[in-house]
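J.: Provided below: structure06.cif, containing mmCIF, C-alpha atoms.
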```cif
data_query
loop_
_atom_site.label_atom_id
_atom_site.label_comp_id
_atom_site.auth_asym_id
_atom_site.auth_seq_id
_atom_site.Cartn_x
_atom_site.Cartn_y
_atom_site.Cartn_z
CA MET A 1 30.04 3.85 -5.74
CA LYS A 2 28.27 0.88 -4.17
CA ILE A 3 27.08 3.04 -1.24
CA LEU A 4 25.93 5.72 -3.67
CA SER A 5 24.08 3.09 -5.70
CA ARG A 6 22.30 1.74 -2.61
CA ALA A 7 21.39 5.28 -1.54
CA SER A 8 19.97 5.96 -4.99
CA LEU A 9 17.86 2.81 -4.83
CA LEU A 10 16.62 3.75 -1.38
CA VAL A 11 15.65 7.23 -2.55
CA ALA A 12 13.95 5.77 -5.64
CA CYS A 13 11.96 3.30 -3.50
CA LEU A 14 11.02 6.07 -1.07
CA LEU A 15 9.79 8.31 -3.89
CA ALA A 16 7.87 5.43 -5.44
CA GLY A 17 6.23 4.71 -2.08
CA ILE A 18 5.24 8.37 -1.62
CA VAL A 19 3.77 8.54 -5.13
CA ALA A 20 1.87 5.27 -4.67
CA LEU A 21 0.63 5.68 -1.10
CA GLY A 22 0.58 9.47 -0.77
CA PRO A 23 -2.90 10.04 -2.27
CA ILE A 24 -4.42 7.20 -0.21
CA LEU A 25 -2.86 8.44 3.04
CA TRP A 26 -3.97 12.00 2.30
CA ALA A 27 -7.51 10.77 1.57
CA ALA A 28 -7.52 8.84 4.85
CA SER A 29 -6.31 11.90 6.77
CA THR A 30 -8.91 14.15 5.11
CA SER A 31 -11.73 11.72 5.86
CA PHE A 32 -11.11 12.15 9.60
CA LYS A 33 -10.84 15.96 9.56
CA ALA A 34 -13.67 18.28 10.48
CA THR A 35 -15.05 20.09 7.42
CA SER A 36 -13.71 23.42 8.68
CA ARG A 37 -10.16 22.00 8.89
CA ILE A 38 -9.90 20.32 5.48
CA PHE A 39 -8.52 23.42 3.76
CA ALA A 40 -6.68 24.80 6.77
CA VAL A 41 -3.51 26.81 6.10
CA PRO A 42 -0.93 25.45 6.61
CA PRO A 43 -2.33 22.01 5.68
CA GLU A 44 -2.67 19.49 8.49
CA LEU A 45 -0.96 16.20 7.63
CA LEU A 46 -2.82 14.54 10.50
CA PRO A 47 -6.23 15.65 11.80
CA GLN A 48 -5.83 17.58 15.04
CA SER A 49 -9.32 16.62 16.24
CA PRO A 50 -10.27 13.36 14.44
CA THR A 51 -13.95 12.97 13.73
CA LEU A 52 -16.19 10.30 12.18
CA GLU A 53 -18.76 12.82 10.98
CA HIS A 54 -18.11 12.09 7.29
CA TYR A 55 -18.48 8.32 7.72
CA VAL A 56 -21.68 8.80 9.74
CA LYS A 57 -23.03 11.07 7.01
CA LEU A 58 -22.27 8.51 4.29
CA VAL A 59 -24.08 5.77 6.19
CA ALA A 60 -27.04 8.09 6.75
CA GLU A 61 -27.17 8.71 2.99
CA GLY A 62 -27.20 4.97 2.25
CA VAL A 63 -23.63 4.17 1.22
CA HIS A 64 -23.98 0.74 2.82
CA TRP A 65 -26.55 -0.26 0.19
CA ALA A 66 -24.13 0.59 -2.58
CA PHE A 67 -21.44 -1.35 -0.71
CA LEU A 68 -23.73 -4.39 -0.55
CA ASN A 69 -24.54 -4.03 -4.26
CA SER A 70 -20.86 -4.04 -5.17
CA SER A 71 -20.25 -7.02 -2.91
CA ALA A 72 -23.14 -8.99 -4.43
CA TYR A 73 -22.17 -8.18 -8.03
CA THR A 74 -18.55 -9.10 -7.36
CA VAL A 75 -19.26 -12.40 -5.60
CA ALA A 76 -21.79 -13.48 -8.25
CA ALA A 77 -19.45 -12.58 -11.11
CA VAL A 78 -16.44 -14.34 -9.58
CA LEU A 79 -18.41 -17.53 -8.87
CA LEU A 80 -19.87 -17.58 -12.39
CA ALA A 81 -16.47 -16.97 -13.97
CA LEU A 82 -14.80 -19.68 -11.87
CA ILE A 83 -17.43 -22.29 -12.76
CA LEU A 84 -17.30 -21.52 -16.48
CA GLY A 85 -13.53 -20.95 -16.53
CA ALA A 86 -12.67 -24.18 -14.71
CA THR A 87 -15.04 -26.17 -16.92
CA ALA A 88 -13.61 -24.69 -20.11
CA GLY A 89 -10.04 -25.01 -18.85
CA TYR A 90 -10.53 -28.68 -18.03
CA ALA A 91 -12.19 -29.41 -21.38
CA LEU A 92 -9.38 -27.70 -23.28
CA MET A 93 -6.81 -29.72 -21.34
CA ARG A 94 -8.40 -33.18 -21.35
CA TYR A 95 -10.55 -33.39 -24.49
CA PRO A 96 -9.57 -33.22 -28.18
CA VAL A 97 -11.07 -29.80 -28.90
CA ALA A 98 -10.97 -28.80 -32.58
CA ALA A 99 -8.68 -25.86 -33.37
CA LYS A 100 -7.54 -25.71 -29.75
CA PRO A 101 -4.69 -23.21 -30.39
CA ALA A 102 -7.14 -20.89 -32.14
CA VAL A 103 -9.58 -21.16 -29.24
CA LEU A 104 -6.85 -20.33 -26.74
CA LEU A 105 -5.72 -17.44 -28.93
CA VAL A 106 -9.25 -16.05 -28.91
CA PHE A 107 -9.36 -16.20 -25.10
CA LEU A 108 -5.96 -14.50 -24.93
CA GLY A 109 -6.96 -11.87 -27.48
CA THR A 110 -10.10 -10.88 -25.60
CA MET A 111 -7.95 -9.88 -22.63
CA ALA A 112 -6.24 -7.28 -24.84
CA VAL A 113 -9.48 -5.63 -25.99
CA PRO A 114 -10.24 -2.44 -23.98
CA GLY A 115 -13.56 -2.73 -22.21
CA PHE A 116 -14.77 0.70 -23.32
CA ALA A 117 -14.28 -0.32 -26.97
CA VAL A 118 -17.22 -2.73 -26.77
CA LEU A 119 -19.23 -0.83 -24.17
CA LEU A 120 -21.68 0.86 -26.55
CA PRO A 121 -22.65 -2.27 -28.53
CA THR A 122 -22.90 -4.17 -25.25
CA GLN A 123 -25.28 -1.57 -23.86
CA MET A 124 -27.39 -1.69 -27.03
CA LEU A 125 -27.56 -5.49 -26.83
CA ALA A 126 -28.43 -5.43 -23.12
CA THR A 127 -31.20 -2.92 -23.79
CA SER A 128 -32.62 -4.94 -26.68
CA ILE A 129 -32.89 -8.11 -24.57
CA GLY A 130 -34.18 -6.33 -21.47
CA LEU A 131 -31.13 -6.68 -19.24
CA HIS A 132 -30.09 -3.03 -19.12
CA ASN A 133 -30.63 -1.51 -15.70
CA THR A 134 -31.28 -4.88 -14.05
CA TRP A 135 -29.47 -6.65 -11.23
CA ALA A 136 -28.22 -9.42 -13.53
CA ILE A 137 -26.40 -7.35 -16.13
CA LEU A 138 -23.28 -6.46 -14.13
CA PRO A 139 -22.46 -9.99 -12.84
CA ILE A 140 -22.83 -11.33 -16.38
CA LEU A 141 -20.56 -8.67 -17.90
CA TYR A 142 -18.02 -8.84 -15.09
CA ALA A 143 -17.86 -12.63 -15.41
CA GLY A 144 -17.19 -12.18 -19.11
CA HIS A 145 -14.28 -9.88 -18.29
CA ILE A 146 -12.76 -12.40 -15.86
CA LEU A 147 -13.44 -15.56 -17.87
CA PRO A 148 -10.43 -15.48 -20.27
CA PHE A 149 -8.00 -15.18 -17.36
CA ALA A 150 -9.80 -17.93 -15.44
CA VAL A 151 -9.61 -20.27 -18.46
CA TRP A 152 -5.91 -19.66 -18.98
CA VAL A 153 -4.93 -20.05 -15.36
CA THR A 154 -7.01 -23.16 -14.63
CA ARG A 155 -6.01 -24.81 -17.90
CA SER A 156 -2.34 -24.28 -17.07
CA HIS A 157 -2.84 -25.81 -13.65
CA PHE A 158 -4.88 -28.77 -14.90
CA ALA A 159 -1.92 -29.58 -17.17
CA THR A 160 0.14 -30.36 -14.07
CA VAL A 161 -2.37 -32.94 -12.73
CA PRO A 162 -1.57 -36.43 -14.13
CA ARG A 163 -4.48 -38.11 -15.89
CA GLU A 164 -3.55 -41.26 -13.99
CA LEU A 165 -4.88 -39.74 -10.77
CA GLU A 166 -8.33 -39.35 -12.30
CA GLN A 167 -8.17 -42.86 -13.75
CA ALA A 168 -7.27 -44.26 -10.33
CA ALA A 169 -10.28 -42.48 -8.83
CA GLU A 170 -12.52 -43.87 -11.57
CA MET A 171 -11.21 -47.38 -10.85
CA ASP A 172 -12.26 -46.81 -7.22
CA GLY A 173 -15.83 -46.28 -8.39
CA TYR A 174 -16.00 -42.53 -8.95
CA SER A 175 -17.62 -41.14 -12.06
CA ARG A 176 -15.61 -38.77 -14.26
CA ALA A 177 -17.35 -35.75 -12.73
CA GLU A 178 -16.74 -37.04 -9.19
CA ALA A 179 -13.06 -37.67 -9.97
CA VAL A 180 -12.69 -34.10 -11.22
CA TRP A 181 -14.54 -32.70 -8.21
CA LYS A 182 -12.66 -34.72 -5.57
CA VAL A 183 -9.23 -35.13 -7.14
CA VAL A 184 -8.54 -32.45 -9.74
CA LEU A 185 -10.22 -29.34 -8.34
CA PRO A 186 -8.64 -29.52 -4.84
CA GLY A 187 -5.25 -29.55 -6.52
CA ALA A 188 -6.22 -26.54 -8.60
CA LYS A 189 -7.03 -24.43 -5.54
CA PRO A 190 -4.10 -21.98 -6.12
CA ALA A 191 -5.24 -21.37 -9.71
CA LEU A 192 -8.86 -20.87 -8.65
CA LEU A 193 -7.82 -18.44 -5.91
CA ALA A 194 -5.64 -16.55 -8.38
CA ALA A 195 -8.56 -16.18 -10.78
CA ALA A 196 -10.89 -15.23 -7.93
CA THR A 197 -8.49 -12.56 -6.63
CA PHE A 198 -7.97 -11.09 -10.10
CA GLY A 199 -11.72 -11.13 -10.66
CA PHE A 200 -12.49 -9.49 -7.33
CA LEU A 201 -10.07 -6.64 -7.94
CA HIS A 202 -11.40 -6.10 -11.46
CA CYS A 203 -15.08 -6.13 -10.51
CA TRP A 204 -14.78 -4.10 -7.33
CA ASN A 205 -12.78 -1.30 -8.94
CA ASP A 206 -14.95 -0.98 -12.03
CA TYR A 207 -16.64 2.34 -12.66
CA VAL A 208 -17.23 2.62 -16.42
CA THR A 209 -19.32 -0.52 -16.89
CA GLY A 210 -21.33 0.08 -13.71
CA SER A 211 -22.15 3.68 -14.63
CA THR A 212 -23.16 2.73 -18.18
CA MET A 213 -25.28 -0.35 -17.54
CA VAL A 214 -27.15 0.67 -14.38
CA ASP A 215 -29.14 3.87 -13.86
CA ALA A 216 -31.42 3.02 -10.92
CA PRO A 217 -30.08 4.44 -7.62
CA GLU A 218 -30.90 1.23 -5.75
CA LEU A 219 -28.74 -0.80 -8.17
CA ARG A 220 -25.66 1.44 -8.23
CA THR A 221 -22.24 0.11 -7.34
CA LEU A 222 -20.19 1.78 -4.65
CA GLN A 223 -17.82 3.30 -7.19
CA VAL A 224 -20.72 4.92 -9.04
CA ALA A 225 -22.64 5.93 -5.92
CA LEU A 226 -19.67 7.91 -4.58
CA ILE A 227 -20.16 10.43 -7.39
CA PHE A 228 -23.65 11.14 -6.05
CA PHE A 229 -22.48 11.55 -2.46
CA GLN A 230 -21.05 14.97 -3.22
CA GLY A 231 -22.57 18.08 -1.71
CA PHE A 232 -25.35 19.95 -3.51
CA HIS A 233 -23.67 23.36 -3.22
CA GLY A 234 -20.14 22.13 -3.83
CA ARG A 235 -18.06 19.06 -3.28
CA ASP A 236 -18.15 17.61 0.20
CA TRP A 237 -14.52 16.55 0.24
CA GLY A 238 -14.69 14.97 3.67
CA SER A 239 -17.52 12.60 2.70
CA LEU A 240 -15.93 11.92 -0.66
CA MET A 241 -12.62 10.95 0.92
CA ALA A 242 -14.43 8.79 3.48
CA GLY A 243 -16.14 7.00 0.59
CA VAL A 244 -12.79 6.49 -1.13
CA ILE A 245 -11.38 4.87 2.00
CA ILE A 246 -14.44 2.60 2.36
CA ALA A 247 -14.06 1.55 -1.27
CA THR A 248 -10.32 0.95 -0.88
CA ILE A 249 -10.39 -1.35 2.14
CA PRO A 250 -11.88 -4.55 0.56
CA PRO A 251 -9.47 -4.79 -2.42
CA VAL A 252 -6.48 -4.03 -0.20
CA VAL A 253 -7.49 -6.77 2.25
CA VAL A 254 -8.12 -9.28 -0.55
CA PHE A 255 -4.83 -8.45 -2.24
CA LEU A 256 -2.84 -8.80 0.97
CA LEU A 257 -4.46 -12.14 1.80
CA PHE A 258 -4.18 -13.72 -1.65
CA ARG A 259 -1.34 -11.85 -3.39
CA LYS A 260 0.85 -14.95 -3.64
CA PHE A 261 -1.87 -16.79 -5.54
CA LEU A 262 -2.41 -13.83 -7.87
CA ILE A 263 1.31 -13.52 -8.66
CA GLY A 264 1.59 -17.30 -9.06
CA GLY A 265 -1.45 -17.31 -11.32
CA PHE A 266 0.03 -14.72 -13.64
CA ALA A 267 3.28 -16.70 -13.71
CA ASP A 268 1.45 -19.97 -14.51
CA GLY A 269 -0.59 -18.35 -17.26
CA SER A 270 2.44 -16.79 -18.90
CA VAL A 271 4.94 -19.63 -18.51
CA LYS A 272 2.92 -22.82 -18.74
CA GLY A 273 0.34 -21.51 -21.20
#
```
Translate this file's structure into structure tokens.
T.:
Amino acid sequence: MKILSRASLLVACLLAGIVALGPILWAASTSFKATSRIFAVPPELLPQSPTLEHYVKLVAEGVHWAFLNSSAYTVAAVLLALILGATAGYALMRYPVAAKPAVLLVFLGTMAVPGFAVLLPTQMLATSIGLHNTWAILPILYAGHILPFAVWVTRSHFATVPRELEQAAEMDGYSRAEAVWKVVLPGAKPALLAAATFGFLHCWNDYVTGSTMVDAPELRTLQVALIFFQGFHGRDWGSLMAGVIIATIPPVVVFLLFRKFLIGGFADGSVKG
């Protein structure tokens, strides 16, 4: 029975791996196939004559500008969210904030609200104040999406730093801000990296907000631009799959590098919060 149980677990893990990685591996294989071989019968699991024609075509059509847009939006949003989140998290931990449990509950509650539920009023507000279809709108909105998680994670981590450490730094001549900068924040590096990783994955993979708030081709994110890289007389599956692979690489690399901080951050937010 034990052998059967282990075999069942192995089969279950294998099936889960195929379901999870199968579409990505198939997209990668398709992106390197010549157009004439994409729908070959029987299907080719691996390209017989690998080619970079689809990647070259995407670059010629300007996919690198959309890639840079996504990178800029993501970096700006993550930095803004970390600055605001760490400041709010520290204030909630160290200062007597009125109705603190209610404030924390509001931050927690905003994480449960689906983004598309507030998309229309957000677009109307952005249009009324002149931010719709501008470079600034996406970093601001993305930072708002990340902020509640950043507050929760940094606040939980600040709770583990003894106040005495800051007081000792102040006795050495540091101001309160300098003590936080040189003593507290270095210790909160895992929490900040967890929030940054979560924020990067959220911003980079967004499609709905980017397609709603930005219309100008030169401001499109990579996720939105891929829709417009399809062929005029039918879908260019090779180029589309090449774009999918380009869009997949950054979040996979970030997740692999910082996954322990992300998992630890979720644990800190749920246990210590």
J.: Check what the PyMOL selection byres ((chain A and resi 190-194) around 10) selects in the file above and give those residues as a PyMOL selection string.
T.: chain A and resi 82-83+85-86+149-158+185-189+195-200+258-266+268-269
J.: For this structure, which residues satisfy the selection - the PyMOL selection byres ((chain A and resi 100-112) around 10) - when it is evaluated on the file as given? I want them as a VMD selection string.
T.: chain A and resid 89 92 to 93 95 to 99 113 to 115 144 to 152 155 273
J.: Out of A:Ser239, A:Asn205, A:Thr127, A:Gln167, which residue has the shortest atom-to-atom distance to Lys33 of chain A when counting only C-alpha atoms?
T.: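 Nearest to Lys33 of chain A: A:Ser239.
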J.: Give the answer as one residue: which of A:Leu256, A:Leu25, A:Ile18, A:Ala247 has the shortest atom-to-atom distance to Ser70 of chain A, using only C-alpha atoms?
T.: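 With only C-alpha atoms as the atom set, the closest residue is A:Ala247.
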J.: Carefully work through the PyMOL selection byres ((chain A and resi 32) around 10) for this structure and note down the residues it includes, as number ranges by chain.
T.: A: 27-31, 33-35, 37-38, 46-55, 238-239, 241-242
J.: Suppose you want the space between atom CA of Ile227 of chain A and atom CA of Leu68 of chain A; what is it in Å?
T.: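 Answer for the atom CA of Ile227 of chain A to atom CA of Leu68 of chain A separation: 16.7 Å.
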J.: If I take atom CA of Tyr73 of chain A and atom CA of Pro139 of chain A, how far is one from the other in Å, to one decimal?
T.: 5.1 Å
J.: Tell me, in Å to one decimal, how far atom CA of Leu219 of chain A is from atom CA of Leu131 of chain A.
T.: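 Interatomic distance here is 12.8 Å.
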J.: Restricting the calculation to all atoms listed in the file: of A:Met171, A:Gln123, A:Ser8, A:Arg235, which residue gets closest to Ser211 of chain A?
T.: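 Among A:Met171, A:Gln123, A:Ser8, A:Arg235, it is A:Gln123 that comes nearest to Ser211 of chain A.
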J.: Near Ile24 of chain A, counting all atoms listed in the file, which residues have an atom at most 9 Å away, once you skip same-chain residues fewer than 6 positions from it, shown as a list in words?
T.: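 Once the adjacent positions are removed, what remains is Val244, Ile245 and Thr248 of chain A.
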J.: Can you work out which one of A:Pro217, A:Pro162, A:Gly173, A:Gly210 has the shortest atom-to-atom distance to Leu141 of chain A, counting only C-alpha atoms?
T.: A:Gly210
J.: What's the 10 Å shell around Val214 of chain A, counting all atoms listed in the file, without same-chain residues fewer than 6 positions away, as number ranges by chain?
T.: A: 123, 131-135, 137-138, 220-221, 224
J.: Quick one: residues within 8 Å of Ala179 of chain A, all atoms listed in the file counted, chain neighbours fewer than 4 positions away excluded, as a list in words?
T.: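 My reading of the contact set: Glu166, Ala169, Glu170, Tyr174, Ser175, Val183 and Val184 of chain A.
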